[in-house]
Every structure is written in C-alpha cells, then in structure tokens.
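Enquirer: Following this message is one structure expressed as structure tokens.
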Amino acid sequence: MIVVVTASTGFAFLVGWELMTLVSAGLILMEGDSTERRHNVFIYLMMMHAGAAAVVASFFLFLPYSHSLDFASIRTASASMPAGIRTLIFLLAFVGFGTKAGIIPLHLWLPRAHPIAPSPVSALMSGVMLKTAVYGFVRFAFDFLGGGPSWSGYVVLLAGAVSGLLGVLYAIAEHDLKRLLAYHSVENIGIIYLGLGTSLVFLAHQAPVLAALALIAALLHTFNHALFKSLLFLGAGAISNATHTVDLEELGGLQRRMPVTGATFLIACCSIVGLPLFNGFISEWLTFRSFLAGSLLTNTKAQIVLPLMVGVLALIGGLAAACFVKVFGVAFLGRPHSKEAEHAEEAPLAMRAGMGLLAAACLWIGILPGFFLRPLASLAQVLVPGAGVPEETLSIARIIPWVAVFVLGVGGAAALLKHRRKMVRTWACGLPELSSRMQYTSTAFSKPIRFVFSTVYKPDRKVESLPADQPYFPATISYRSVRTTSYEKALYRPFVDLILSAAHQLRRMQTGNIQVYLLYIFLTLVSLLMFLRFQG
Amino acid sequence: MGLVEIATGKVLSSFSVFLFLTILLLVVARRISTAILLFSAQSAIITAEVLATGFRERLAEAYVVGALVFLIKVVLIPRAFFRLVDRLKTPRDVKASTTPTQSVFIAAAMIYLSYAAVHSYGQSVRVPEDALAAAVALILTGAFLMVSRNKALMQMLGLLVLENGIYLAALTTTYGMPLVIEIGIFFDILIGLLLMGIFTFRIRDTFDHLDVSKLRRLRG
C-alpha cells in the first residue's frame with residue numbers, strides 16, 4: 001500500500017496496486033479455509049483484477065502521448081491529448097478505482113470479503129486500502145487530467161449519491177456486524193465521491209476556490225473514514241474475540257462487561273454519523289457547505305443539482321445515525337441475547353490501547369480541525385490551480401474549539417449540579433420478570449426504515465407456523481424476510497454468462513492429453529516461422 | 001588456402017544433407033532402437049560440425065567441446081536409452097499416430113519451411129544457410145516426434161532431437177560458445193534425461209503402459 005501512494009511512475013504504482021490486492025487476498029484467507037471462504041475470496045480477486053485491468057488500460061492510454069509512465073511526463077502530456085481519449089481515460093479510471101473503492105454497483109466484493117477477513121485485516125482494508133483507490137482517482141481526475149467537462153463531475157456525483165444511499169440502506173438491514181460495517185464503507189466512499197464530484201463540477205465551471213473546498217472536504221472525510229472505520233472494525237474484532245460472534249442478534253449488554261471497547265466504539269459511532277465535536281462532523285459539514293455554495297454558480301444545472309445533494313447527504317447522515325443507534329443499542333446496551341454475550345470479557349490491553357489511540361485521534365480532529373485542514377488546504381492548492389484557502393475551512397477551525405469548551409463547560413456544570421437519581425425497575429407490562437427475549441432485536445429495530453424503503457429492498461417475506469395442520473395453535477412461528485434487490489443479477493448475470501460460455505468453449509482445447517499440448521506448441525512454432533518468412 | 005581448409009569450410013553446409021537424411025529416417029522409424037541409433041548418428045554429425053567450426057575459427061576449446069558432445073550424445077545418452085528400453089521391457093514399437101507416408105510429407109514440409117524461414121536471415125548475416133536451416137528443421141522434427149509418437153520414450157527422444165537442433169542453431173550463429181556454457185548445457189541435458197527416465201519408470205509402474213495418449217486425467 002505504501003508503494004502505491006509513494007510511487008512516482010505508473011509502473012511502480014501498478015506493481016504496488018497488484019501487490020496490495022494479492023497480499024490482502026492472502027490476509028483474508030488467514031483465518032482458516034472453507035468452500036464459502038474460497039468462493040468469496042475468488043469473487044474478491046476477480047473484481048480486483050477486472051478493476052486493475054481498467055487501471056492498467058487507463059495508464060497505458062497515456063503512453064502514445066507521454067512516451068513514459070513517469071507521473072510528471074503524464075501530467076504534461078495530458079494537456080495535449082484529444083478530448084475523446086481523455087474521456088476514455090477518465091471513465092476507465094473511474095471504473096477501475098471505483099471497483100477498489102467499492103462504489104455501487106461495483107461494491108459486490110466488500111460485504112463478502114469483510115465478514116470472513118480477520119478484524120485487523122478488515123480494519124486495514126477498509127481503513128487504508130479503499131483510501132488508496134480514492135488517492136488513485138484523485139491522482140487521475142485532478143492531477144493528470146486537471147478536471148474535465150462538467151458531466152464527468154455529475155457522473156461522480158451520481159455514483160456517490162447512489163453508493164451513499166444504497167450503502168446505508170443495506171447497512172441498516174444487516175445484522176452481521178462486520179457486513180454492516182462493510183456496507184458503511186460503501187456509504188462513506190459515497191460521501192467522499194460526492195465531495196470529489198462537487199469539486200469536479202466547480203472546476204468545470206471555473207470556481208477554483210469552491211472546488212478546493214469540496215476537495216478538502218472529500219480528502220478530510222477520506223482521512224476521517226480511515227480513522228473511525230478502523231476503530232469500528234477493531235471494536236468488532238474485540239467483540240468477536242470476547243463472544244465469538246459478530247451477529248448483532250446474539251450480542252447485547254456488552255457495555256457493562258467491556259466498558260473501554262464500548263466507549264471507543266461509541267466515539268467511532270458518533271464520528272461516523274457526523275455528530276459535532278467528532279471528526280466526521282467536520283468533513284460532512286464542509287461537504288454541506290460546498291453543496292450550498294453550488295447555488296452561487298451561474299450555471300442553472302449546477303444551481304439545481306448541487307443544493308439537491310444537500311438533501312441526499314442529510315438523508316444519508318440520518319439513516320447512518322439510525323443504523324448506529326441500532327448497532328450500539330443492540331450490541332452494547334440492554335440485556336445479553338446469548339450465553340456468550342453474557343460471559344464476555346474486556347479485550348486485552350493491546351487491543352484497548354489501539355482502539356483508544358484511534359478514538360483519541362477522532363476526537364482530536366473533531367475538536368481541533370485546524371491542524372489537519374491546513375496541510376489539506378495547501379495540497380488542494382497544488383491540485384486545483386488558482387485556489388485560495390476557502391473561507392469556510394478557516395471559520396470552522398475557529399468556531400469548533402470554542403463550541404467544545406462550551407459543551408464541556410455545560411456538561412461539567414450539569415454534572416456538578418446533578419441531583420440524586422432514583423432507581424426503579426423497568427415496567428414490564430405487569431409481567432414478573434424481564435427477559436432478553438422481550439427487547440428489540442436488530443431486525444426489529446430497523447423494521448420501520450425497512451418498511452418505508454421497501455421499494456429499495458423488495459423483501460421476500462415468509463411466515464411459517466408449525467405444525468402446519470393446526471394454524472391457530474402454532475408451536476413455533478418463524479418469520480423470514482430476505483432482501484431480494486436483484487440489480488446484482490440484472491447487471492452481472494450477462495457478464496458472468498458470457499464469460500462462462502467462453503470458458504466452456506475454451507475448455508474443449510483442454511483435452512488433458514500431453515501430445516495435444518505439445519501440438520499447440522508445435523503449431524505456434526510453425527506459424528511463427530511462417531510469419532517470419534512472409535513478413536520479411 | 002589448402003585443401004583441408006576448403007574441406008572444413010564445406011563441412012558445415014554439406015553435412016546438413018546428412019542431417020536432413022537423419023530427419024527423414026527418424027520420422028519413418030518404426031522401432032525405438034532404430035530411432036536411438038539415428039539420434040546417435042545425428043549427434044555424430046553435429047560433433048563433426050563442432051570440430052569443423054573449431055578448426056576454421058582456430059578455437060582450441062572447440063575440440064574439448066567436440067569431445068564432450070561425442071562422449072555424451074553419441075555414446076552416453078544412446079547407451080542409457082538402450083538400457084532404459086531393456087529395463088522397461090516394453091514393446092519396441094514407437095506407436096506412431098501418423099503413417100510413414102504422412103510423416104515423410106510432413107518432414108519435407110518442415111524442411112521446406114525451415115529453409116523459407118532462415119532464407120532472409122541467412123543473407124543478411126554471415127552464417128551458412130544450410131546449417132541453420134538444418135537446425136530449425138531439427139527443432140521442428142523434435143517437436144513433431146513429441147506430438148505424433150505415443151510412447152513416453154519417444155517424447156524423450158523428441159526432446160533430445162529438439163535440443164540437438166537448438167545446439168546446432170547456437171553453433172552456426174555464434175561460431176562456438178564459451179566452454180562454461182557448453183558444459184552447463186550438457187549438464188542440463190543429463191539431468192533432464194535422468195528425470196525423464198525416472199518418470200517413465202513411474203508411469204510404467206503406475207499405469208502398466210507407456211502410452212501417453214492414454215494419460216489424460218490432468219484436466220480442469
């Protein structure tokens with residue numbers, strides 16, 4: 001991964017890129033081996049290679065014009081390239097890096113690879129590897145191509161909006177903690193792409209200062225996401241270490257047994273949903289500001305589309321908040337849903353230290369954003385020529401520390417003036433004993449949202465009561481609701497069918513006979529000689 | 001220029017005719033022992049070419065190399081082969097999948113192709129065209145033998161013929177390689193032969209035959 005971001009030539013970049021894919025595939029497989037695992041890793045590898053092919057192609061398209069894969073020569077060459085090639089390069093880079101970043105509909109591998117990977121690996125993959133994809137895309141779109149026509153910005157914007165919304169909606173419906181977090185990665189990448197798209201739109205409409213603002217927002221969110229998503233995955237790792245499960249339905253009441261994990265997890269949750277004083281807030285706020293600034297443009301389309309994105313981002317934020325209330329509430333509060341959760345123990349010191357460090361970083365950026373905004377602003381000035389430091393970044397850096405002081409002061413005063421609490425038992429509808437079966441499960445918690453958005457999920461609901469011959473006196477009732485959103489089938493089926501049929505055709509060549517293979521070599525040799533003869 | 005020099009100069013190109021003869025005989029050979037003898041003869045011709053090159057280019061090393069070629073390819077390998085055939089106690093037929101007539105026509109086509117292929121190259125560089133064509137033809141013949149003969153021993157022999165071709169091509173284009181490289185090549189062949197010999201025994205023991213056309217379970 002370090003090779004990717006430090007590379008200054010395309011070749012080194014590609015080598016690092018491939019190495020990253022292969023090593024991470026190995027890391028995913030570190031915890032055991034099974035058919036399902038192998039299947040998922042295979043999907044991961046396949047999508048990565050398809051993405052890498054697009055990236056390689058986009059690099060090589062520069063070659064006829066730059067004669068070298070050096071970043072500097074690519075940059076100078078791109079100015080003299082025809083518009084068609086530039087468009088092609090942009091789209092290839094968008095698809096290639098989008099696969100790695102996991103924008104919808106190229107995200108298929110994310111929710112598959114994360115649940116099977118060990119938690120620290122998930123943290124690394126989600127926290128750092130996705131970011132290299134964002135880096136690559138920024139490198140191409142801003143550094144090499146120097147922006148583009150405004151439609152390219154809208155494409156990125158649309159991809160960001162779709163990824164953000166669908167990502168968070170799918171996340172709410174999940175009850176496997178790690179898969180949920182994986183869908184949240186999709187959502188956050190969506191937010192980052194929203195920022196990048198806005199920046200491209202501003203750039204196309206000659207508004208460099210605003211472009212820089214949106215770019216800063218996107219880059220800061222990239223960094224923030226690396227922090228809090230790593231923290232969340234490490235928290236998930238601590239939970240699975242203590243309870244041997246990451247199924248939310250089997251957790252509960254962990255706050256009392258794992259206070260440190262709970263506290264750091266809470267900080268991460270607050271950050272990811274963008275509450276003020278946490279780092280997610282800063283970057284989302286800047287993104288909001290850049291959307292609102294869209295109304296300052298003279299172009300009508302941008303005037304309409306960009307402010308509309310405010311609504312999209314607000315919806316994403318709200319749904320993410322609902323989702324993490326669910327996660328924290330079901331996993332850490334209430335009563336344990338299972339034996340394992342009941343006997344959970346706090347994570348070992350090393351784990352707690354790692355999580356504490358990340359949580360501290362989240363708070364630091366959240367309260368004193370100036371430290372991070374300044375280097376990002378100077379970076380944005382490099383990428384967006386002619387941009388000053390956007391006023392918004394300065395103002396937020398000034399205001400937030402005072403807000404923090406104020407909140408801490410009010411909180412401290414409230415704590416000092418706190419009157420004695422009165423402890424009563426929770427009312428349980430007159431039943432004698434509260435049991436864990438009475439509380440909201442993760443699925444139940446997300447029900448209202450899933451109901452409202454049922455057009456998105458297209459659930460396949462099924463109620464079964466057993467035994468079947470006594471419908472009014474059931475012994476057990478099982479209820480099942482499966483998301484059947486089938487764009488995966490509609491989008492990927494044709495590709496998969498095409499590849500499979502091609503593979504079946506090719507398989508005929510594979511007879512298993514040594515001599516046939518030798519014959520292939522022989523024929524190749526003969527045809528090459530013929531070529532040599534009739535060429536010259 | 002004495003008679004000897006002229007003779008040696010002609011050796012390189014005129015011996016190619018003998019090489020073509022061995023090629024044509026190899027592709028029609030029915031018995032493994034015949035094929036081994038032909039390989040031996042072919043190697044002897046190549047030894048002569050090595051010595052001729054050494055004489056013409058005034059390279060003392062070439063005589064050592066020639067001696068090595070003679071020792072390994074004319075004496076050692078054929079003897080090892082004969083022993084292998086004895087020990088394996090397999091029928092002596094090569095199990096050709098093409099008839100002799102077809103084989104001869106294919107061999108002729110290959111010789112024509114190799115002349116055609118080296119034609120343009122031979123004019124531009126100072127190499128005897130016949131010898132180079134013979135080298136390419138040997139490579140093709142080796143490959144052809146490997147493809148069209150079903151007995152595992154013939155795959156080994158085909159590889160050796162192919163190797164002969166590569167060796168001859170190297171000799172004619174470079175006028176003799178350094179001794180170290182030559183020794184490395186010979187070592188390579190011996191190890192390869194050893195491995196293949198072991199594997200033929202394994203094939204025989206596992207499947208009770210040496211017919212590679214029946215080994216087709218290795219497929220996805």
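For the structure tokens, the naming scheme is as follows: chains receive sequential letters (A, B, ...) according to their order of presentation, residues are indexed from 1 within each chain, and ligands are indexed from 1 in presentation order.
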Residues near Val50 (chain B), anyone? I mean within 9 Å using only C-alpha atoms, not counting same-chain ones fewer than 2 positions away, as a count of residues only.

Expert: 18

Enquirer: Name the residues of region 20-185 of chain A that come out as alpha helix (DSSP H) in a backbone DSSP run; write them as a PyMOL selection string.

Expert: chain A and resi 20-28+35-60+63-66+71-78+83-101+109-116+119-124+130-138+150-173+177-185

Enquirer: Write out as an mmCIF file with C-alpha atoms, in the first residue's frame which residues come within 12 Å of Arg87 (chain B) when counting only C-alpha atoms, dropping same-chain ones fewer than 5 positions away.

Expert:
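Result written to result07.cif:
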```
data_model
loop_
_atom_site.group_PDB
_atom_site.id
_atom_site.type_symbol
_atom_site.label_atom_id
_atom_site.label_comp_id
_atom_site.auth_asym_id
_atom_site.auth_seq_id
_atom_site.Cartn_x
_atom_site.Cartn_y
_atom_site.Cartn_z
ATOM 1 C CA ALA B 80 21.397 -45.023 -21.364
ATOM 2 C CA PHE B 81 18.447 -45.186 -23.717
ATOM 3 C CA PHE B 82 19.156 -48.757 -24.695
ATOM 4 C CA GLY B 197 13.978 -41.699 -17.113
ATOM 5 C CA ILE B 198 12.713 -41.764 -13.548
ATOM 6 C CA THR B 200 8.964 -43.160 -17.374
ATOM 7 C CA PHE B 201 9.567 -45.795 -14.734
ATOM 8 C CA ARG B 204 5.115 -47.679 -16.238
#
```

Enquirer: Taking only C-alpha atoms into account, name the residue in B:Leu145, B:Gln42, B:Arg56, B:Val17 that is nearest to Val4 (chain B).

Expert: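 Smallest distance to Val4 (chain B) is found for B:Arg56.
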
Enquirer: Residues of chain A no more than 6 Å from chain B, counting only C-alpha atoms: send them over as a list in words.

Expert: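 Putting it all together, I get Gly512, Asn513, Gln515, Leu518, Leu519, Phe522, Leu529 and Arg533 of chain A.
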
Enquirer: Can those selected residues be exported to a file as a short mmCIF file (atom, residue, chain, number, x, y, z; two decimals), in the first residue's frame so that it contains C-alpha atoms?

Expert:
```cif
data_model
loop_
_atom_site.label_atom_id
_atom_site.label_comp_id
_atom_site.auth_asym_id
_atom_site.auth_seq_id
_atom_site.Cartn_x
_atom_site.Cartn_y
_atom_site.Cartn_z
CA GLY A 512 -5.67 -33.40 -20.85
CA ASN A 513 -3.53 -35.15 -23.46
CA GLN A 515 0.53 -34.59 -27.06
CA LEU A 518 2.75 -30.35 -27.46
CA LEU A 519 0.86 -29.93 -30.71
CA PHE A 522 4.45 -27.11 -32.32
CA LEU A 529 8.22 -19.32 -38.61
CA ARG A 533 9.06 -15.89 -43.67
#
```

Enquirer: Tell me which of B:Ala134, B:Val75, B:Ile189, B:Val27 sits closest to Ser97 (chain B), counting only C-alpha atoms.

Expert: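 So, comparing all the options, the nearest one is B:Val27.
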
Enquirer: If we count only C-alpha atoms, what is near Ile216 (chain A) at a cut-off of 8 Å, once residues fewer than 2 positions away on the same chain are taken out, given as a PyMOL selection string?

Expert: chain A and resi 212-214+218-220+286+373+376-377+380

Enquirer: Quick one, how far is CA of Gly354 (chain A) from CA of Gly237 (chain A)?

Expert: 11.7 Å

Enquirer: Have a look at CA of Asp247 (chain A) and CA of Ser271 (chain A) and let me know their distance in Å, one decimal.

Expert: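 CA of Ser271 (chain A) lies at a distance of 22.5 Å from CA of Asp247 (chain A).
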
Enquirer: Can you tell me how far CA of Ala397 (chain A) sits from CA of Pro369 (chain A), in Å to one decimal?

Expert: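 Answer for the CA of Ala397 (chain A) to CA of Pro369 (chain A) separation: 5.5 Å.
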
Enquirer: Tell me, as an mmCIF file with N, CA and C atoms, in the first residue's frame, which residues lie within 12 Å of Val128 (chain A), counting only C-alpha atoms; anything in the same chain fewer than 5 positions away does not count.

Expert:
```cif
data_model
loop_
_atom_site.group_PDB
_atom_site.id
_atom_site.type_symbol
_atom_site.label_atom_id
_atom_site.label_comp_id
_atom_site.auth_asym_id
_atom_site.auth_seq_id
_atom_site.Cartn_x
_atom_site.Cartn_y
_atom_site.Cartn_z
ATOM 1 N N MET A 1 0.822 -1.205 0.000
ATOM 2 C CA MET A 1 0.000 0.000 0.000
ATOM 3 C C MET A 1 0.855 1.253 0.000
ATOM 4 N N ILE A 2 1.969 1.169 0.708
ATOM 5 C CA ILE A 2 2.841 2.341 0.746
ATOM 6 C C ILE A 2 3.444 2.583 -0.629
ATOM 7 N N VAL A 4 2.005 2.117 -3.405
ATOM 8 C CA VAL A 4 1.022 2.778 -4.260
ATOM 9 C C VAL A 4 1.049 4.289 -4.078
ATOM 10 N N VAL A 5 1.065 4.738 -2.818
ATOM 11 C CA VAL A 5 0.948 6.182 -2.617
ATOM 12 C C VAL A 5 2.266 6.913 -2.780
ATOM 13 N N MET A 20 -0.846 -5.172 -3.515
ATOM 14 C CA MET A 20 -1.820 -4.892 -2.466
ATOM 15 C C MET A 20 -2.991 -5.872 -2.560
ATOM 16 N N SER A 24 -3.617 -8.763 0.260
ATOM 17 C CA SER A 24 -4.833 -8.674 1.060
ATOM 18 C C SER A 24 -5.680 -9.933 0.878
ATOM 19 N N LYS A 100 -12.189 -0.836 -6.655
ATOM 20 C CA LYS A 100 -11.426 -0.976 -5.419
ATOM 21 C C LYS A 100 -12.100 -0.216 -4.285
ATOM 22 N N ALA A 101 -12.634 0.970 -4.610
ATOM 23 C CA ALA A 101 -13.245 1.780 -3.564
ATOM 24 C C ALA A 101 -14.590 1.198 -3.146
ATOM 25 N N PRO A 120 -8.530 -7.188 12.273
ATOM 26 C CA PRO A 120 -7.479 -6.199 11.974
ATOM 27 C C PRO A 120 -7.269 -6.035 10.476
ATOM 28 N N VAL A 121 -7.432 -7.150 9.726
ATOM 29 C CA VAL A 121 -7.275 -7.070 8.269
ATOM 30 C C VAL A 121 -8.401 -6.243 7.678
ATOM 31 N N SER A 122 -9.621 -6.453 8.208
ATOM 32 C CA SER A 122 -10.743 -5.629 7.751
ATOM 33 C C SER A 122 -10.453 -4.168 8.002
ATOM 34 N N ALA A 123 -9.934 -3.895 9.192
ATOM 35 C CA ALA A 123 -9.639 -2.511 9.533
ATOM 36 C C ALA A 123 -8.649 -1.929 8.538
ATOM 37 N N ALA A 133 -7.579 3.694 -3.329
ATOM 38 C CA ALA A 133 -8.397 3.839 -4.531
ATOM 39 C C ALA A 133 -8.815 5.297 -4.699
ATOM 40 N N VAL A 134 -9.212 5.929 -3.593
ATOM 41 C CA VAL A 134 -9.586 7.338 -3.665
ATOM 42 C C VAL A 134 -8.380 8.163 -4.117
ATOM 43 N N TYR A 135 -7.218 7.820 -3.531
ATOM 44 C CA TYR A 135 -5.985 8.504 -3.927
ATOM 45 C C TYR A 135 -5.764 8.384 -5.431
ATOM 46 N N SER A 185 -18.812 1.223 4.707
ATOM 47 C CA SER A 185 -17.676 1.679 3.903
ATOM 48 C C SER A 185 -18.183 2.160 2.554
ATOM 49 N N THR A 222 -11.985 11.283 3.704
ATOM 50 C CA THR A 222 -11.205 10.080 3.460
ATOM 51 C C THR A 222 -10.365 9.732 4.676
ATOM 52 N N PHE A 223 -9.675 10.753 5.174
ATOM 53 C CA PHE A 223 -8.819 10.519 6.339
ATOM 54 C C PHE A 223 -9.648 10.124 7.560
ATOM 55 N N ASN A 224 -10.752 10.834 7.767
ATOM 56 C CA ASN A 224 -11.606 10.527 8.911
ATOM 57 C C ASN A 224 -12.140 9.111 8.838
ATOM 58 N N HIS A 225 -12.567 8.752 7.632
ATOM 59 C CA HIS A 225 -13.132 7.413 7.485
ATOM 60 C C HIS A 225 -12.092 6.358 7.818
ATOM 61 N N ALA A 226 -10.847 6.617 7.392
ATOM 62 C CA ALA A 226 -9.786 5.669 7.741
ATOM 63 C C ALA A 226 -9.715 5.508 9.252
ATOM 64 N N LEU A 227 -9.844 6.626 9.975
ATOM 65 C CA LEU A 227 -9.744 6.543 11.435
ATOM 66 C C LEU A 227 -10.921 5.806 12.046
ATOM 67 N N PHE A 228 -12.143 6.313 11.785
ATOM 68 C CA PHE A 228 -13.236 5.719 12.554
ATOM 69 C C PHE A 228 -13.647 4.354 12.036
ATOM 70 N N LYS A 229 -13.433 4.083 10.736
ATOM 71 C CA LYS A 229 -13.810 2.755 10.280
ATOM 72 C C LYS A 229 -12.832 1.702 10.808
ATOM 73 N N SER A 230 -11.532 2.061 10.870
ATOM 74 C CA SER A 230 -10.579 1.148 11.502
ATOM 75 C C SER A 230 -10.984 0.905 12.942
#
```

Enquirer: Name the closest residue to Asp188 (chain B) among the candidates B:Thr206, B:Ala41, B:Ala96, B:Ile72; distances are taken between atoms, counting only C-alpha atoms.

Expert: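 With only C-alpha atoms as the atom set, the closest residue is B:Ile72.
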
Enquirer: Can you work out which one of A:Pro118, A:Gly164, A:Gly16, A:Gly235 has the shortest atom-to-atom distance to Val186 (chain A), counting only C-alpha atoms?

Expert: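 Nearest to Val186 (chain A): A:Gly164.
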
Enquirer: For Ile396 (chain A), which of A:Arg493, A:Arg139, A:Arg289, A:Arg507 is the closest residue, counting only C-alpha atoms?

Expert: A:Arg289
